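run.pdb (PDB, C-alpha atoms, pLDDT in the B column)
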ATOM      1  CA  MET I1462      97.230  79.544 138.661  1.00 61.00           C
ATOM      2  CA  LEU I1463      95.869  82.784 140.060  1.00 67.00           C
ATOM      3  CA  THR I1464      94.059  85.659 138.435  1.00 73.00           C
ATOM      4  CA  VAL I1465      95.394  89.098 139.375  1.00 73.00           C
ATOM      5  CA  ASP I1466      93.547  92.326 138.612  1.00 74.00           C
ATOM      6  CA  VAL I1467      95.739  95.333 137.751  1.00 78.00           C
ATOM      7  CA  ASP I1468      93.867  98.576 137.083  1.00 78.00           C
ATOM      8  CA  GLY I1469      90.804  96.666 135.902  1.00 77.00           C
ATOM      9  CA  GLN I1470      92.793  94.309 133.640  1.00 79.00           C
ATOM     10  CA  ALA I1471      92.868  90.608 134.698  1.00 76.00           C
ATOM     11  CA  TYR I1472      96.076  88.566 134.265  1.00 74.00           C
ATOM     12  CA  HIS I1473      96.677  84.843 134.860  1.00 71.00           C
ATOM     13  CA  VAL I1474      99.840  84.236 136.906  1.00 69.00           C
ATOM     14  CA  THR I1475     101.590  81.193 138.340  1.00 68.00           C
ATOM     15  CA  VAL I1476     103.224  81.416 141.762  1.00 67.00           C
ATOM     16  CA  ALA I1477     106.101  79.078 142.651  1.00 60.00           C
ATOM     17  CA  PHE I1478     108.201  78.623 145.762  1.00 55.00           C
ATOM     18  CA  GLY I1479     111.704  77.155 145.870  1.00 55.00           C
ATOM     19  CA  ASP I1480     113.020  75.004 143.037  1.00 53.00           C
ATOM     20  CA  THR I1481     110.998  75.901 139.942  1.00 52.00           C
ATOM     21  CA  LYS I1482     112.716  73.631 137.413  1.00 54.00           C
ATOM     22  CA  ASN I1483     110.036  70.931 137.991  1.00 51.00           C
ATOM     23  CA  THR I1484     107.098  73.272 137.429  1.00 49.00           C
ATOM     24  CA  ALA I1485     105.222  74.220 134.283  1.00 50.00           C
ATOM     25  CA  PRO I1486     106.473  77.228 132.306  1.00 50.00           C
ATOM     26  CA  ALA I1487     105.144  80.625 133.336  1.00 48.00           C
ATOM     27  CA  ALA I1488     101.882  81.787 131.836  1.00 47.00           C
ATOM     28  CA  THR I1489     101.970  84.355 129.097  1.00 49.00           C
ATOM     29  CA  THR I1490     101.295  87.967 129.984  1.00 50.00           C
ATOM     30  CA  ALA I1491      98.256  88.088 127.725  1.00 50.00           C
ATOM     31  CA  PRO I1492      95.256  89.571 129.507  1.00 50.00           C
ATOM     32  CA  ALA I1493      92.660  87.173 130.852  1.00 46.00           C
ATOM     33  CA  PRO I1494      89.047  87.412 129.762  1.00 48.00           C
ATOM     34  CA  ALA I1495      86.971  89.977 131.640  1.00 45.00           C
ATOM     35  CA  THR I1496      84.969  87.140 133.223  1.00 42.00           C
ATOM     36  CA  ALA I1497      87.984  85.628 135.011  1.00 39.00           C
ATOM     37  CA  GLN I1498      87.310  84.112 138.418  1.00 37.00           C
ATOM     38  CA  PRO I1499      88.600  85.915 141.520  1.00 36.00           C
ATOM     39  CA  ALA I1500      91.978  85.068 143.054  1.00 38.00           C
ATOM     40  CA  ALA I1501      90.383  84.136 146.402  1.00 36.00           C
ATOM     41  CA  ALA I1502      90.325  80.407 145.562  1.00 37.00           C
ATOM     42  CA  PRO I1503      93.387  79.286 143.584  1.00 40.00           C
ATOM     43  CA  ALA I1504      92.909  76.286 141.355  1.00 41.00           C
ATOM     44  CA  SER I1505      94.933  73.139 141.842  1.00 38.00           C
ATOM     45  CA  ALA I1506      97.844  73.069 139.400  1.00 46.00           C
ATOM     46  CA  GLY I1507      98.401  69.311 139.562  1.00 45.00           C
ATOM     47  CA  ALA I1508      96.283  66.169 139.561  1.00 62.00           C
ATOM     48  CA  GLY I1509      95.948  64.084 142.688  1.00 83.00           C
ATOM     49  CA  ASN I1510      94.844  64.367 146.309  1.00 91.00           C
ATOM     50  CA  GLU I1511      94.252  67.855 147.644  1.00 94.00           C
ATOM     51  CA  VAL I1512      95.697  68.988 150.979  1.00 94.00           C
ATOM     52  CA  LEU I1513      93.217  71.410 152.535  1.00 95.00           C
ATOM     53  CA  SER I1514      93.848  74.116 155.108  1.00 95.00           C
ATOM     54  CA  PRO I1515      92.407  73.054 158.478  1.00 95.00           C
ATOM     55  CA  LEU I1516      91.820  76.681 159.538  1.00 95.00           C
ATOM     56  CA  GLU I1517      92.195  80.320 158.547  1.00 96.00           C
ATOM     57  CA  GLY I1518      95.661  81.824 158.969  1.00 96.00           C
ATOM     58  CA  LYS I1519      98.994  82.323 157.218  1.00 96.00           C
ATOM     59  CA  PHE I1520     100.676  79.604 155.146  1.00 96.00           C
ATOM     60  CA  PHE I1521     104.294  78.564 155.820  1.00 95.00           C
ATOM     61  CA  LEU I1522     106.307  75.602 154.508  1.00 95.00           C
ATOM     62  CA  VAL I1523     108.608  75.736 157.567  1.00 95.00           C
ATOM     63  CA  LYS I1524     108.293  77.268 161.017  1.00 91.00           C
ATOM     64  CA  ASN I1525     111.993  78.035 161.539  1.00 90.00           C
ATOM     65  CA  ALA I1526     115.140  78.474 159.458  1.00 88.00           C
ATOM     66  CA  SER I1527     116.633  75.100 160.471  1.00 91.00           C
ATOM     67  CA  GLU I1528     113.928  73.164 158.582  1.00 90.00           C
ATOM     68  CA  THR I1529     114.125  72.368 154.871  1.00 92.00           C
ATOM     69  CA  PRO I1530     110.973  73.354 152.928  1.00 94.00           C
ATOM     70  CA  LEU I1531     109.257  70.811 150.704  1.00 94.00           C
ATOM     71  CA  LYS I1532     109.088  71.551 146.985  1.00 94.00           C
ATOM     72  CA  VAL I1533     107.255  70.261 143.930  1.00 95.00           C
ATOM     73  CA  GLY I1534     108.593  66.791 143.086  1.00 95.00           C
ATOM     74  CA  ASP I1535     109.382  65.796 146.693  1.00 95.00           C
ATOM     75  CA  THR I1536     108.048  62.434 147.895  1.00 96.00           C
ATOM     76  CA  VAL I1537     106.094  62.348 151.172  1.00 95.00           C
ATOM     77  CA  LYS I1538     104.700  59.576 153.359  1.00 96.00           C
ATOM     78  CA  GLU I1539     101.425  59.436 155.256  1.00 94.00           C
ATOM     79  CA  GLY I1540     101.856  61.371 158.514  1.00 94.00           C
ATOM     80  CA  ASP I1541     104.711  63.615 157.290  1.00 95.00           C
ATOM     81  CA  VAL I1542     104.469  67.334 158.159  1.00 94.00           C
ATOM     82  CA  LEU I1543     103.847  69.155 154.874  1.00 95.00           C
ATOM     83  CA  CYS I1544     103.450  72.752 156.002  1.00 96.00           C
ATOM     84  CA  TYR I1545     102.073  74.987 158.737  1.00 96.00           C
ATOM     85  CA  VAL I1546      99.137  77.343 159.079  1.00 96.00           C
ATOM     86  CA  GLU I1547      99.904  80.064 161.636  1.00 96.00           C
ATOM     87  CA  ALA I1548      96.903  81.392 163.533  1.00 94.00           C
ATOM     88  CA  MET I1549      97.017  83.499 166.701  1.00 93.00           C
ATOM     89  CA  LYS I1550     100.839  83.085 166.926  1.00 91.00           C
ATOM     90  CA  THR I1551     100.543  79.276 166.928  1.00 94.00           C
ATOM     91  CA  TYR I1552     101.989  77.152 164.115  1.00 94.00           C
ATOM     92  CA  ASN I1553      99.514  74.353 163.313  1.00 95.00           C
ATOM     93  CA  ALA I1554     101.202  71.453 161.505  1.00 95.00           C
ATOM     94  CA  VAL I1555      99.433  70.121 158.411  1.00 96.00           C
ATOM     95  CA  ARG I1556     100.237  66.416 158.011  1.00 95.00           C
ATOM     96  CA  SER I1557      99.852  64.286 154.909  1.00 94.00           C
ATOM     97  CA  GLU I1558      96.893  61.911 154.877  1.00 93.00           C
ATOM     98  CA  PHE I1559      98.453  59.890 152.041  1.00 91.00           C
ATOM     99  CA  SER I1560     101.810  59.002 150.481  1.00 94.00           C
ATOM    100  CA  GLY I1561     102.924  60.294 147.102  1.00 95.00           C
ATOM    101  CA  THR I1562     104.737  63.057 145.238  1.00 96.00           C
ATOM    102  CA  ILE I1563     103.963  66.766 145.614  1.00 95.00           C
ATOM    103  CA  THR I1564     102.630  68.016 142.269  1.00 95.00           C
ATOM    104  CA  SER I1565     101.744  71.589 143.284  1.00 95.00           C
ATOM    105  CA  ILE I1566     102.199  74.078 146.116  1.00 95.00           C
ATOM    106  CA  ASN I1567      99.551  76.776 145.787  1.00 96.00           C
ATOM    107  CA  TYR I1568     100.768  79.447 148.235  1.00 96.00           C
ATOM    108  CA  ALA I1569     103.975  81.277 149.120  1.00 95.00           C
ATOM    109  CA  ALA I1570     105.266  81.789 152.667  1.00 93.00           C
ATOM    110  CA  GLY I1571     103.121  84.292 154.552  1.00 94.00           C
ATOM    111  CA  ASP I1572     100.120  84.134 152.210  1.00 96.00           C
ATOM    112  CA  ALA I1573      96.734  84.329 153.925  1.00 96.00           C
ATOM    113  CA  VAL I1574      94.641  81.158 153.613  1.00 96.00           C
ATOM    114  CA  SER I1575      91.072  80.344 154.567  1.00 96.00           C
ATOM    115  CA  GLU I1576      89.704  77.113 155.946  1.00 94.00           C
ATOM    116  CA  ASP I1577      89.458  74.421 153.227  1.00 94.00           C
ATOM    117  CA  ASP I1578      91.712  76.278 150.741  1.00 94.00           C
ATOM    118  CA  ILE I1579      93.818  73.854 148.672  1.00 95.00           C
ATOM    119  CA  LEU I1580      97.356  74.260 150.040  1.00 96.00           C
ATOM    120  CA  MET I1581      99.037  71.650 147.836  1.00 95.00           C
ATOM    121  CA  THR I1582      98.337  68.579 145.745  1.00 95.00           C
ATOM    122  CA  ILE I1583      99.909  65.125 146.145  1.00 95.00           C
ATOM    123  CA  GLN I1584      99.726  62.429 143.484  1.00 94.00           C
TER     124      GLN I1584
END
Kindly transcribe the structure held in the file into structure tokens.
Amino acid sequence: MLTVDVDGQAYHVTVAFGDTKNTAPAATTAPAPATAQPAAAPASAGAGNEVLSPLEGKFFLVKNASETPLKVGDTVKEGDVLCYVEAMKTYNAVRSEFSGTITSINYAAGDAVSEDDILMTIQ
């Protein structure tokens, strides 16, 4: 869940990529409290082990069109490539450190990420 500020009014939004039938329903459009936290550090939407960004760059689930992107509900094994962080025109593979099921993907393709941002959660 992210908090977006529009003309001084904060709104909570959920961002999904790919198949959204396994995700929670969208948040209401009711304004968030004025003390909402900034969108710079999205909160983990699912319980489990967090996959952190190894460096600052742009988030991508795939590096070319021939690959199939992972989605919430997919099962992964330790060592599987989960996503990529592109920095200085180099795609850095982010591999799973544990086996399980993806419970959340916190960024969309092309979103800027910082080192140690939570990219996804695996349970």
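Across the structure, CA of Gly1469 (chain I) and CA of Glu1576 (chain I) are spaced 28.0 Å apart.
Comparing I:Val1574, I:Leu1531, I:Ile1563, I:Leu1522 by their smallest distance to Cys1544 (chain I), the closest is I:Leu1522 (using all atoms listed in the file).
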Next item on the list: May I ask which of the residues I:Val1542, I:Val1467, I:Val1537, I:Met1549 is the closest one to Leu1516 (chain I), counting all atoms listed in the file?
Entry: I:Met1549
Starting from 4 Å padding per side, set up an axis-aligned box that covers all listed atoms of region 1540-1557 of chain I and hand over centre and edge lengths in Å, one decimal, as lines of an AutoDock Vina configuration file.
center_x = 100.8
center_y = 72.4
center_z = 160.9
size_x = 15.8
size_y = 30.1
size_z = 20.1
Margin query: For this structure, which residues satisfy the selection - the PyMOL selection byres ((chain I and resi 1510) around 7) - when it is evaluated on the file as given? I want them as number ranges by chain.
Written below: I: 1509, 1511-1512, 1582-1584
Margin query: Which residues, named as in the file, does the PyMOL selection byres ((chain I and resi 1519) around 7) pick out? Answer as a ChimeraX atom specification.
Written below: /I:1518,1520-1521,1546-1548,1571-1574
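We find CA of Lys1550 (chain I) and CA of Thr1529 (chain I) to be spaced 20.9 Å apart.
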Check: Between I:Lys1532, I:Ala1526, I:Ser1557, I:Asp1541, which has the minimum distance to Ala1569 (chain I) (counting all atoms listed in the file)?
Finding: I:Lys1532
Item checked: One-decimal distance in Å that lies between CA of Ser1560 (chain I) and CA of Gly1540 (chain I) -> 8.4 Å
